[in-house]
Each structure stands twice: as structure tokens, then as C-alpha cells.
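What follows is a set of notes on a single structure, which appears directly below.
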Amino acid sequence: MEMDDHVEESKNSAHESEKQSGKKNHKKYRRDKPWDTDDIDHWAPISWNADELPHKQLLLEESSFATLFPKYREMYLREIWPVVTKALDKVKISCELDLVEGSMTVRTTRQTNDPYIILKARDVIKLLARSIPVAQALKVLNDDVYCDIIKIGGIVRNKERFVKRRQRLVGPDGATLKALELLTECYILVQGNTVSVMGSHKGIKQARQVIIDCMKNVHPVYNIKQLMIK
């Protein structure tokens, strides 16, 4: 009973302070988290060991993802598909290349024991569809590598302006893009209306900001200078 009275009092005091300031207090329900200290790296990849699991078959239902690929990628995908199949077999994921529909499909199997690996496999086929070389795309299966496909087509309406800003992002002989790759420690590929980025969470976030700013008419050199200072 005393506890309820204390909660009611704190709510009333928070409500009164809101009235006085005229602003909403978004932190009134926040509580201290003594277990959550500054020395914890929340983005650190957690290792996955299937041998320590009590049950070998974890997944109850099949999960699958499919993505379409452009016509000009068909010949390349046909050549490298055995390499993709071999890499995905190691992580117990089955894959299918449909040349009639122009699609790639990945799905879990009865042997799949890592529930997150299907999302990594989905990223692999998305990257392959966006002209990433197979050796680079398969790196996303590692725990510490992530990817992001940034859509830049809808940011600028004028076609000529869009082409100029996209070229500005690449720079003379790809120098600007190379500098951005070195500073963010990411792999970046500009292709059509999208930019594919592979790397750590922090690097992808930084690269995405520079790319979006570039398409909004902020020269990438300014952002690159800021990254160099950091």
C-alpha cells in the first residue's frame, strides 16, 4: 500500500512539473540501470556455438527470402552460383537461382541452427543483385560485417543534377569514394540509384550520413574532413 502511494505521489509531482514547464517530461518513467555501465560494448558481436545447444533442431518453420536481379547480372550469377551454394551450405542454408523469373531465393533447412544466418543470407543475395562481386558479398556472412543498401534515386528529382551529385560522391578517378572507404573502414559501391555499403555498424552509419548529405548538395569533402578530425 505504501509503495502504491509513493508511485502515485511521484506521478502527481511529474504531472505538476509538466504543467509548470509547459513541456512533456519524456523521462518520468526512466529508471536507473545499474547493470548497464559505460564499459559495455552493445555492438560487440556475440559468438554463436551450435555445439553448446541442448537441441540440434532449433527452427520449427522454414524461413525464406527472395530478391529479383537485373537481366545484365544473369550471366555472372550463373557462373558464380556454385561458389554461393558452397558458402551457404556451410551455414546450412539452401539457395536457388531462377533464371526464368530472374530471382534468387534463400531458405532455412532442417540442419539450420543459427536463427540469424537467414538474414545474413538474404543480405548476400541483395548485394549480388546490386553488382557486388561474390567474394566481397560473402563476407557479410561473418558476424562482424553488416551491410546497408542506400536508395539515392528519390532524393534529387532533376536527372542531370542527380548524375552530377552522384559523380561528386565518386570523385575524380574514384578518389573521394576511396577516402570515404578508408575513413569509415567500409566497402562502398555506387550502382545506378543505390549505394551499397559493407562494414561495421559505426562505419555504415558514418558512410550513410555522408552519402545522403552529398545528394542533398553538401559536398562530401566537408564530411570527410570532419571524419579525419575525429
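Residue numbering restarts at 1 for every chain of the C-alpha cells, chains are lettered A, B, ... in their displayed order, and ligands are numbered from 1 as they appear.
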Inset, instruction - Quick one: everything within 8 Å of stretch 175-182 of chain A, counting only C-alpha atoms, minus sequence neighbours fewer than 5 positions away in the same chain. Send it as a list in words. - result: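 Everything that qualifies: Arg168, Leu169, Val170, Tyr187, Ile188, Ala207, Pro220, Val221 and Ile224 of chain A.
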Requested write-out: C-alpha atoms of the selected residues, as an mmCIF file, in the first residue's frame:
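So the final result, stored in selection_27.cif, reads:
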```cif
data_model
loop_
_atom_site.group_PDB
_atom_site.id
_atom_site.type_symbol
_atom_site.label_atom_id
_atom_site.label_comp_id
_atom_site.auth_asym_id
_atom_site.auth_seq_id
_atom_site.Cartn_x
_atom_site.Cartn_y
_atom_site.Cartn_z
ATOM 1 C CA ARG A 168 30.697 14.177 -56.932
ATOM 2 C CA LEU A 169 30.363 11.324 -54.428
ATOM 3 C CA VAL A 170 32.674 9.121 -56.529
ATOM 4 C CA TYR A 187 33.372 -1.248 -48.777
ATOM 5 C CA ILE A 188 31.234 1.152 -50.865
ATOM 6 C CA ALA A 207 29.041 6.479 -44.657
ATOM 7 C CA PRO A 220 31.465 15.117 -49.318
ATOM 8 C CA VAL A 221 34.858 16.791 -48.766
ATOM 9 C CA ILE A 224 35.449 13.699 -44.957
#
```
Inset, instruction - Please identify all polymer residues within 10 Å of A:Thr67, counting only C-alpha atoms, omitting same-chain residues fewer than 3 positions from it, and present them as number ranges by chain. - result: A: 102-106, 122-123, 125-126, 128-129
Legend entry - Option closest in space to A:Asp114, from A:Thr184, A:Leu127, A:Asp143, A:Ala135 [counting only C-alpha atoms]: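 For A:Asp114, the nearest of the given residues is A:Asp143.
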Legend entry - All strand (DSSP E or B) positions in stretch 37-96 of chain A, as a list in words: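 Restricting stretch 37-96 of chain A to strand (DSSP E or B) produces Ser64, Phe65, Ala66, Thr67, Leu68, Ile93, Ser94, Cys95 and Glu96 of chain A.
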Inset, instruction - Return the single residue from A:Arg157, A:Arg130, A:Arg30, A:Lys90 that is closest to A:Gln191, with distances computed using only C-alpha atoms. - result: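 Closest residue, counting only C-alpha atoms: A:Arg130.
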Legend entry - Long-range neighbours of A:Thr85 as number ranges by chain, 10 Å cut-off, only C-alpha atoms, 3 positions minimum in chain: A: 80-82, 88-90, 93-97, 106
Legend entry - Who sits within 7 Å of A:Ile149, only C-alpha atoms, same chain under 3 positions skipped, as a ChimeraX atom specification: /A:194-197
Inset, instruction - For each of A:Lys151, A:Lys28, A:Arg107, A:Arg208, take the minimum atom-to-atom distance to A:Ala66, counting only C-alpha atoms, then give the residue where this is smallest. - result: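 Closest residue, counting only C-alpha atoms: A:Arg107.
Ranking A:His201, A:Lys24, A:Lys230, A:Lys71 by their shortest atom-to-atom distance to A:Asp98, with only C-alpha atoms included, puts A:Lys71 first.
Atom CA of A:Arg166 to atom CA of A:Val218 spans 11.8 Å [interatomic distance, one decimal].
Taking atom CA of A:Asn113 as the reference point, atom CA of A:Ala44 is found at 20.9 Å.
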Legend entry - Two-atom distance - atom CA of A:Leu138, atom CA of A:Leu77 (Å):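 Rounded to one decimal, the two atoms are 13.4 Å apart.
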Legend entry - Top pick for closest residue to A:Ile150, considering A:Val100, A:Ile132, A:Ile211, A:Ile118 and counting only C-alpha atoms: A:Ile211
